[in-house]
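I have placed the structure first, in the form of structure tokens, so that the comments after it can refer back to it.
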Number of protein chains: 2
Amino acid sequence: MTNAHELGLPERVPAGDDLPAEVTVWEVGPRDGLQNESSVVPVEVKLEFIDRLADAGLTTIEATSFVHPKWVPQLADAEPLLAGLTRRAGVRYPVLVPNERGLDRALAAGVEHIAIFASATETFANRNLNRTLDEQFAMFEPVVSRAVAEGLDVRGYVSMCFGDPWEGVVDRAAVVAVGRRLLDLGCSQLSLGDTIGVATAGQVGALLDDFAAAGTPTSALAVHFHDTYGQALTNTLAALRHGVSTVDSSAGGLGGCPFAGSATGNLATEDLVWLLEGLGVRTGVDLDRLADTSVWLAGELGRPSPSRVVAALRG
Amino acid sequence: MTNAHELGLPERVPAGDDLPAEVTVWEVGPRDGLQNESSVVPVEVKLEFIDRLADAGLTTIEATSFVHPKWVPQLADAEPLLAGLTRRAGVRYPVLVPNERGLDRALAAGVEHIAIFASATETFANRNLNRTLDEQFAMFEPVVSRAVAEGLDVRGYVSMCFGDPWEGVVDRAAVVAVGRRLLDLGCSQLSLGDTIGVATAGQVGALLDDFAAAGTPTSALAVHFHDTYGQALTNTLAALRHGVSTVDSSAGGLGGCPFAGSATGNLATEDLVWLLEGLGVRTGVDLDRLADTSVWLAGELGRPSPSRVVAALRG
């Protein structure tokens, strides 16, 4: 008998040939996590957080957002944050950019990777972007074309891919159409988001099948699950079995609604890494250092991490 | 577009031919859940809880335990509970029985379904049963043979099937050997427990493969996952894909350690049902009534349910 999980790791037993050998964990904690915190975290704490994430082996760390500070005051410090960031070789620091003004700010800050965010539904496009579903592309087109011309890499988030709080179940053909248009504009990768966390494994597989049928390579697809209904990790495994190898998550499960007793935030990076380590899928993430980071940040935020693994290893 | 989850249900999209058409949810909340509560719940509340679970469509409700009250004071009211229970046609109310004294009490109370609990590891057999791994069978033998002779159905729990806090990773051959001995004694079904919640999907599949290789039909196997490391639902889906169709869970995720900030208890029945409804697997459970029951019980216990689905639907 070995004693793997005394070391804080699960036993390694692959679960099928259909899994990727390696997964890129797209860490969204500093952006998607902290933008949902009720309090504004000081820039020094954010910089230490990002640095610790890189120490823990994360190679893609979504750093901040150039959305107008009026909408996301939590990330109003994007400029000082990027100015203070020690960029490391082999680590990407994408930032969210909503429009050309945001792109100007990103270029001025020396950003190399940006992400735009689109909606799969009419209602959410209207509520989140103040555009129709169709109009959103007119807003993105100059952003992506200028960014690509400047040599930037552009990711396209697609929100509400499975369910929408106003429209209910979302038509898969509509999601594929939105995603294809973003790729046609010049996005290198889509992040398919279950923004309200309602999806189950069958929906995930069906959407990925539909993208494949439309000719989209799985390397151009990432998944972004929220654990609102407890399905995030199960959905992730379904996506991996459909060839996806980039998974969004946030350290410690940051991004929950602090007012709800339960965590309903992003998939926790630690819970994801526990699964992937167990399956023998390489991530390059040092779980021990990552859990320490989440415990430290939880102290800064004044509330416990909703990650099950963090609670189990450090609770 | 339909609007399924406005009704509190996910979109129904099957995820493969390898899934069972129907799953029996083995509800362990009144026993495995409440025995881990720090406070003792009044018998009237327990009776209402069990009644509401039956109203919600659960057909197997593990009601209580005949373990000595010194060890589990939370369930010291097993006799009055069973005396007060209105048994319904089509609903099973199994009770936990540790030894012949417990069996006597169960028979006197008119119980028809019992469960014994064994350990897959030497250390846990010693700590939980005060027996060696081998000696535990000598304790179970007269219990099972008498119970079967009296026409009772006997389930065998196997604890620590994947990891043990003292021994680390558990040898699968040892788990299969313990399980086979329980079946040979006369148990009709094994419940394979990840007592400390460390397992990942590959381990689950490998253990089930080993049971199959030893000639055990999947109908004789159930799974019992704890969400300590966030893997319970993903492990459950792995088990379903290996032919298992009985899954243990507790309403509202009861059974966590109330002192830990995060929930590390049983898989929540609501989270399980959300997945199964989404996959088009029949459970007979009315999610709406079940969530109401968990919210009501959370009020009685004075703390929120750790189920993500309960929080999402009722938070």
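All residue names refer to the structure tokens as shown: chains lettered A, B, ... in order, residues numbered from 1 in each chain, ligands numbered from 1 in order.
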
Using only C-alpha atoms, I'd like a table of the residues in chain B that come within 8 Å of chain A; for each, show the closest atom pair and its distance in Å rounded to one decimal, ordered by chain and ascending number, as JSON lines.
{"residue": "B:Met1", "atom": "CA", "partner": "A:Val169", "partner_atom": "CA", "distance": 6.2}
{"residue": "B:Thr2", "atom": "CA", "partner": "A:Val169", "partner_atom": "CA", "distance": 5.9}
{"residue": "B:Asn3", "atom": "CA", "partner": "A:Gly168", "partner_atom": "CA", "distance": 4.3}
{"residue": "B:Ala4", "atom": "CA", "partner": "A:Gly168", "partner_atom": "CA", "distance": 6.4}
{"residue": "B:His5", "atom": "CA", "partner": "A:Gly168", "partner_atom": "CA", "distance": 6.2}
{"residue": "B:Glu6", "atom": "CA", "partner": "A:Gly168", "partner_atom": "CA", "distance": 6.3}
{"residue": "B:Pro10", "atom": "CA", "partner": "A:Val198", "partner_atom": "CA", "distance": 6.3}
{"residue": "B:Glu11", "atom": "CA", "partner": "A:Val169", "partner_atom": "CA", "distance": 6.5}
{"residue": "B:Arg12", "atom": "CA", "partner": "A:Gly202", "partner_atom": "CA", "distance": 7.7}
{"residue": "B:Val13", "atom": "CA", "partner": "A:Gly202", "partner_atom": "CA", "distance": 4.8}
{"residue": "B:Pro14", "atom": "CA", "partner": "A:Gly202", "partner_atom": "CA", "distance": 5.1}
{"residue": "B:Ala15", "atom": "CA", "partner": "A:Gly202", "partner_atom": "CA", "distance": 4.1}
{"residue": "B:Gly16", "atom": "CA", "partner": "A:Gly202", "partner_atom": "CA", "distance": 7.9}
{"residue": "B:Gly163", "atom": "CA", "partner": "A:His5", "partner_atom": "CA", "distance": 7.9}
{"residue": "B:Pro165", "atom": "CA", "partner": "A:Glu6", "partner_atom": "CA", "distance": 7.6}
{"residue": "B:Glu167", "atom": "CA", "partner": "A:Asn3", "partner_atom": "CA", "distance": 6.7}
{"residue": "B:Gly168", "atom": "CA", "partner": "A:Asn3", "partner_atom": "CA", "distance": 4.2}
{"residue": "B:Val169", "atom": "CA", "partner": "A:Asn3", "partner_atom": "CA", "distance": 5.5}
{"residue": "B:Val170", "atom": "CA", "partner": "A:Met1", "partner_atom": "CA", "distance": 6.6}
{"residue": "B:Asp171", "atom": "CA", "partner": "A:Met1", "partner_atom": "CA", "distance": 6.4}
{"residue": "B:Val198", "atom": "CA", "partner": "A:Pro10", "partner_atom": "CA", "distance": 6.3}
{"residue": "B:Ala199", "atom": "CA", "partner": "A:Pro10", "partner_atom": "CA", "distance": 6.7}
{"residue": "B:Thr200", "atom": "CA", "partner": "A:Gly278", "partner_atom": "CA", "distance": 5.6}
{"residue": "B:Ala201", "atom": "CA", "partner": "A:Ala15", "partner_atom": "CA", "distance": 6.5}
{"residue": "B:Gly202", "atom": "CA", "partner": "A:Ala15", "partner_atom": "CA", "distance": 4.1}
{"residue": "B:Gln203", "atom": "CA", "partner": "A:Val13", "partner_atom": "CA", "distance": 5.5}
{"residue": "B:Gly205", "atom": "CA", "partner": "A:Ala15", "partner_atom": "CA", "distance": 7.0}
{"residue": "B:Ala206", "atom": "CA", "partner": "A:Val13", "partner_atom": "CA", "distance": 7.7}
{"residue": "B:Asp227", "atom": "CA", "partner": "A:Arg308", "partner_atom": "CA", "distance": 7.4}
{"residue": "B:Thr228", "atom": "CA", "partner": "A:Arg308", "partner_atom": "CA", "distance": 5.9}
{"residue": "B:Tyr229", "atom": "CA", "partner": "A:Val309", "partner_atom": "CA", "distance": 4.6}
{"residue": "B:Gly230", "atom": "CA", "partner": "A:Arg308", "partner_atom": "CA", "distance": 5.3}
{"residue": "B:Gln231", "atom": "CA", "partner": "A:Leu275", "partner_atom": "CA", "distance": 7.2}
{"residue": "B:Leu233", "atom": "CA", "partner": "A:Thr234", "partner_atom": "CA", "distance": 6.6}
{"residue": "B:Thr234", "atom": "CA", "partner": "A:Thr234", "partner_atom": "CA", "distance": 4.6}
{"residue": "B:Leu237", "atom": "CA", "partner": "A:Thr234", "partner_atom": "CA", "distance": 7.6}
{"residue": "B:Ala260", "atom": "CA", "partner": "A:Gly315", "partner_atom": "CA", "distance": 6.6}
{"residue": "B:Gly261", "atom": "CA", "partner": "A:Pro304", "partner_atom": "CA", "distance": 6.7}
{"residue": "B:Ser262", "atom": "CA", "partner": "A:Ala311", "partner_atom": "CA", "distance": 6.3}
{"residue": "B:Ala263", "atom": "CA", "partner": "A:Arg308", "partner_atom": "CA", "distance": 7.4}
{"residue": "B:Thr264", "atom": "CA", "partner": "A:Arg308", "partner_atom": "CA", "distance": 7.0}
{"residue": "B:Asp271", "atom": "CA", "partner": "A:Gly230", "partner_atom": "CA", "distance": 6.0}
{"residue": "B:Trp274", "atom": "CA", "partner": "A:Tyr229", "partner_atom": "CA", "distance": 7.6}
{"residue": "B:Leu275", "atom": "CA", "partner": "A:Thr200", "partner_atom": "CA", "distance": 5.8}
{"residue": "B:Gly278", "atom": "CA", "partner": "A:Thr200", "partner_atom": "CA", "distance": 5.6}
{"residue": "B:Leu279", "atom": "CA", "partner": "A:Gly202", "partner_atom": "CA", "distance": 5.8}
{"residue": "B:Pro304", "atom": "CA", "partner": "A:Gly261", "partner_atom": "CA", "distance": 6.6}
{"residue": "B:Ser305", "atom": "CA", "partner": "A:Ser262", "partner_atom": "CA", "distance": 7.9}
{"residue": "B:Pro306", "atom": "CA", "partner": "A:Ser262", "partner_atom": "CA", "distance": 6.3}
{"residue": "B:Ser307", "atom": "CA", "partner": "A:Ser262", "partner_atom": "CA", "distance": 7.7}
{"residue": "B:Arg308", "atom": "CA", "partner": "A:Tyr229", "partner_atom": "CA", "distance": 5.0}
{"residue": "B:Val309", "atom": "CA", "partner": "A:Tyr229", "partner_atom": "CA", "distance": 4.6}
{"residue": "B:Ala311", "atom": "CA", "partner": "A:Ser262", "partner_atom": "CA", "distance": 6.2}
{"residue": "B:Ala312", "atom": "CA", "partner": "A:Thr228", "partner_atom": "CA", "distance": 6.2}
{"residue": "B:Gly315", "atom": "CA", "partner": "A:Ala260", "partner_atom": "CA", "distance": 6.5}

message: Can you tell me which residues surround stretch 108-120 of chain A at a distance of at most 9 Å, considering only C-alpha atoms, apart from same-chain residues fewer than 4 positions away, and format the answer as a ChimeraX atom specification?
response: /A:62,65,78-79,82-83,92-99,103-104,124-126,128-129,133,136-137,140,143-144,147,151-162,164,170-171,174-179,182,187

task: Please run DSSP on the backbone and report, as an MDAnalysis selection string, all residues within stretch 43-98 of chain B that come out as helix (DSSP H, G or I).
output: chainID B and resid 43:55 73:75 78:84

Let me see the file: selected residues, N, CA, C and O atoms, as a PDB file, in the first residue's frame.
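File result-v7.pdb, as written:
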ATOM      1  N   VAL B  43     -37.413  12.967  18.235  1.00  0.00           N
ATOM      2  CA  VAL B  43     -37.963  11.860  17.453  1.00  0.00           C
ATOM      3  C   VAL B  43     -39.120  12.327  16.563  1.00  0.00           C
ATOM      4  O   VAL B  43     -39.289  11.818  15.443  1.00  0.00           O
ATOM      5  N   GLU B  44     -39.901  13.309  17.017  1.00  0.00           N
ATOM      6  CA  GLU B  44     -41.015  13.790  16.195  1.00  0.00           C
ATOM      7  C   GLU B  44     -40.492  14.430  14.901  1.00  0.00           C
ATOM      8  O   GLU B  44     -41.097  14.295  13.840  1.00  0.00           O
ATOM      9  N   VAL B  45     -39.369  15.120  15.015  1.00  0.00           N
ATOM     10  CA  VAL B  45     -38.764  15.739  13.823  1.00  0.00           C
ATOM     11  C   VAL B  45     -38.244  14.666  12.878  1.00  0.00           C
ATOM     12  O   VAL B  45     -38.434  14.731  11.656  1.00  0.00           O
ATOM     13  N   LYS B  46     -37.614  13.655  13.445  1.00  0.00           N
ATOM     14  CA  LYS B  46     -37.123  12.554  12.607  1.00  0.00           C
ATOM     15  C   LYS B  46     -38.275  11.881  11.871  1.00  0.00           C
ATOM     16  O   LYS B  46     -38.167  11.545  10.684  1.00  0.00           O
ATOM     17  N   LEU B  47     -39.393  11.655  12.583  1.00  0.00           N
ATOM     18  CA  LEU B  47     -40.545  10.994  11.958  1.00  0.00           C
ATOM     19  C   LEU B  47     -41.122  11.843  10.830  1.00  0.00           C
ATOM     20  O   LEU B  47     -41.466  11.335   9.763  1.00  0.00           O
ATOM     21  N   GLU B  48     -41.190  13.142  11.077  1.00  0.00           N
ATOM     22  CA  GLU B  48     -41.689  14.021  10.009  1.00  0.00           C
ATOM     23  C   GLU B  48     -40.721  14.016   8.826  1.00  0.00           C
ATOM     24  O   GLU B  48     -41.144  14.009   7.663  1.00  0.00           O
ATOM     25  N   PHE B  49     -39.421  14.006   9.122  1.00  0.00           N
ATOM     26  CA  PHE B  49     -38.394  13.968   8.066  1.00  0.00           C
ATOM     27  C   PHE B  49     -38.584  12.725   7.192  1.00  0.00           C
ATOM     28  O   PHE B  49     -38.654  12.818   5.950  1.00  0.00           O
ATOM     29  N   ILE B  50     -38.695  11.573   7.825  1.00  0.00           N
ATOM     30  CA  ILE B  50     -38.846  10.327   7.071  1.00  0.00           C
ATOM     31  C   ILE B  50     -40.141  10.350   6.256  1.00  0.00           C
ATOM     32  O   ILE B  50     -40.166   9.936   5.090  1.00  0.00           O
ATOM     33  N   ASP B  51     -41.194  10.860   6.849  1.00  0.00           N
ATOM     34  CA  ASP B  51     -42.475  10.959   6.149  1.00  0.00           C
ATOM     35  C   ASP B  51     -42.388  11.877   4.934  1.00  0.00           C
ATOM     36  O   ASP B  51     -42.913  11.572   3.860  1.00  0.00           O
ATOM     37  N   ARG B  52     -41.704  12.980   5.100  1.00  0.00           N
ATOM     38  CA  ARG B  52     -41.547  13.917   3.977  1.00  0.00           C
ATOM     39  C   ARG B  52     -40.675  13.321   2.874  1.00  0.00           C
ATOM     40  O   ARG B  52     -40.899  13.598   1.690  1.00  0.00           O
ATOM     41  N   LEU B  53     -39.674  12.542   3.268  1.00  0.00           N
ATOM     42  CA  LEU B  53     -38.834  11.882   2.262  1.00  0.00           C
ATOM     43  C   LEU B  53     -39.675  10.915   1.437  1.00  0.00           C
ATOM     44  O   LEU B  53     -39.521  10.841   0.203  1.00  0.00           O
ATOM     45  N   ALA B  54     -40.559  10.191   2.099  1.00  0.00           N
ATOM     46  CA  ALA B  54     -41.442   9.281   1.361  1.00  0.00           C
ATOM     47  C   ALA B  54     -42.398  10.077   0.464  1.00  0.00           C
ATOM     48  O   ALA B  54     -42.642   9.706  -0.690  1.00  0.00           O
ATOM     49  N   ASP B  55     -42.895  11.192   0.976  1.00  0.00           N
ATOM     50  CA  ASP B  55     -43.743  12.074   0.151  1.00  0.00           C
ATOM     51  C   ASP B  55     -43.004  12.532  -1.104  1.00  0.00           C
ATOM     52  O   ASP B  55     -43.608  12.744  -2.154  1.00  0.00           O
ATOM     53  N   PRO B  73     -25.309   8.509  20.372  1.00  0.00           N
ATOM     54  CA  PRO B  73     -26.463   9.008  21.142  1.00  0.00           C
ATOM     55  C   PRO B  73     -27.517   9.673  20.261  1.00  0.00           C
ATOM     56  O   PRO B  73     -28.695   9.707  20.622  1.00  0.00           O
ATOM     57  N   GLN B  74     -27.086  10.166  19.095  1.00  0.00           N
ATOM     58  CA  GLN B  74     -28.030  10.839  18.190  1.00  0.00           C
ATOM     59  C   GLN B  74     -29.153   9.906  17.733  1.00  0.00           C
ATOM     60  O   GLN B  74     -30.215  10.371  17.338  1.00  0.00           O
ATOM     61  N   LEU B  75     -28.889   8.590  17.758  1.00  0.00           N
ATOM     62  CA  LEU B  75     -29.891   7.626  17.279  1.00  0.00           C
ATOM     63  C   LEU B  75     -30.341   6.690  18.404  1.00  0.00           C
ATOM     64  O   LEU B  75     -30.805   5.575  18.152  1.00  0.00           O
ATOM     65  N   ALA B  78     -34.017   4.749  18.576  1.00  0.00           N
ATOM     66  CA  ALA B  78     -34.410   3.849  17.480  1.00  0.00           C
ATOM     67  C   ALA B  78     -35.752   3.164  17.750  1.00  0.00           C
ATOM     68  O   ALA B  78     -36.591   3.080  16.836  1.00  0.00           O
ATOM     69  N   GLU B  79     -35.964   2.671  18.961  1.00  0.00           N
ATOM     70  CA  GLU B  79     -37.232   1.980  19.260  1.00  0.00           C
ATOM     71  C   GLU B  79     -38.446   2.908  19.121  1.00  0.00           C
ATOM     72  O   GLU B  79     -39.375   2.585  18.387  1.00  0.00           O
ATOM     73  N   PRO B  80     -38.469   4.033  19.845  1.00  0.00           N
ATOM     74  CA  PRO B  80     -39.648   4.908  19.660  1.00  0.00           C
ATOM     75  C   PRO B  80     -39.806   5.391  18.220  1.00  0.00           C
ATOM     76  O   PRO B  80     -40.932   5.544  17.739  1.00  0.00           O
ATOM     77  N   LEU B  81     -38.679   5.601  17.531  1.00  0.00           N
ATOM     78  CA  LEU B  81     -38.788   6.029  16.133  1.00  0.00           C
ATOM     79  C   LEU B  81     -39.500   4.968  15.296  1.00  0.00           C
ATOM     80  O   LEU B  81     -40.456   5.271  14.561  1.00  0.00           O
ATOM     81  N   LEU B  82     -39.066   3.733  15.427  1.00  0.00           N
ATOM     82  CA  LEU B  82     -39.677   2.676  14.605  1.00  0.00           C
ATOM     83  C   LEU B  82     -41.115   2.405  15.043  1.00  0.00           C
ATOM     84  O   LEU B  82     -41.958   2.065  14.213  1.00  0.00           O
ATOM     85  N   ALA B  83     -41.393   2.577  16.335  1.00  0.00           N
ATOM     86  CA  ALA B  83     -42.766   2.397  16.816  1.00  0.00           C
ATOM     87  C   ALA B  83     -43.688   3.478  16.251  1.00  0.00           C
ATOM     88  O   ALA B  83     -44.863   3.235  15.972  1.00  0.00           O
ATOM     89  N   GLY B  84     -43.125   4.677  16.058  1.00  0.00           N
ATOM     90  CA  GLY B  84     -43.940   5.787  15.574  1.00  0.00           C
ATOM     91  C   GLY B  84     -44.039   5.888  14.072  1.00  0.00           C
ATOM     92  O   GLY B  84     -44.820   6.694  13.539  1.00  0.00           O
TER      93      GLY B  84
END

message: Using Å and a single decimal, report how far atom CA of A:Ser250 sits from atom CA of A:Asp32.
response: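 Distance between the two atoms: 7.7 Å.
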
- request: Please return as a list in words: the residues of stretch 72-129 of chain A that backbone DSSP assigns to strand (DSSP E or B).
  value: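 Written out, the strand (DSSP E or B) residues of stretch 72-129 of chain A are Arg92, Val95, Leu96, His113, Ile114, Ala115, Ile116, Phe117, Ala118 and Ser119 of chain A.
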
- request: Show which residues sit within 9 Å of B:Glu300, as a count of residues only. Count only C-alpha atoms, and ignore same-chain residues fewer than 4 positions away.
  value: 4

message: I'd like the interatomic distance between atom CA of A:Ser249 and atom CA of A:Leu58, to a tenth of an Å.
response: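 Computed distance, atom CA of A:Ser249 to atom CA of A:Leu58, equals 11.1 Å.
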
- prompt: Could you pull the residues within 9 Å of A:Gly33, counting only C-alpha atoms, minus those fewer than 2 positions along the same chain, as number ranges by chain?
  reply: A: 28-31, 35-37, 250-251, 253-256, 265-266

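The nearest approach to A:Gly90 among the residues A:Val148, A:Asp77, A:Thr59, A:Gly243, with only C-alpha atoms taken into account, belongs to A:Thr59.
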
field: For atom CA of B:Arg282 and atom CA of B:Val25, the interatomic separation in Å (one decimal)
entry: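 The value is 10.1 Å.
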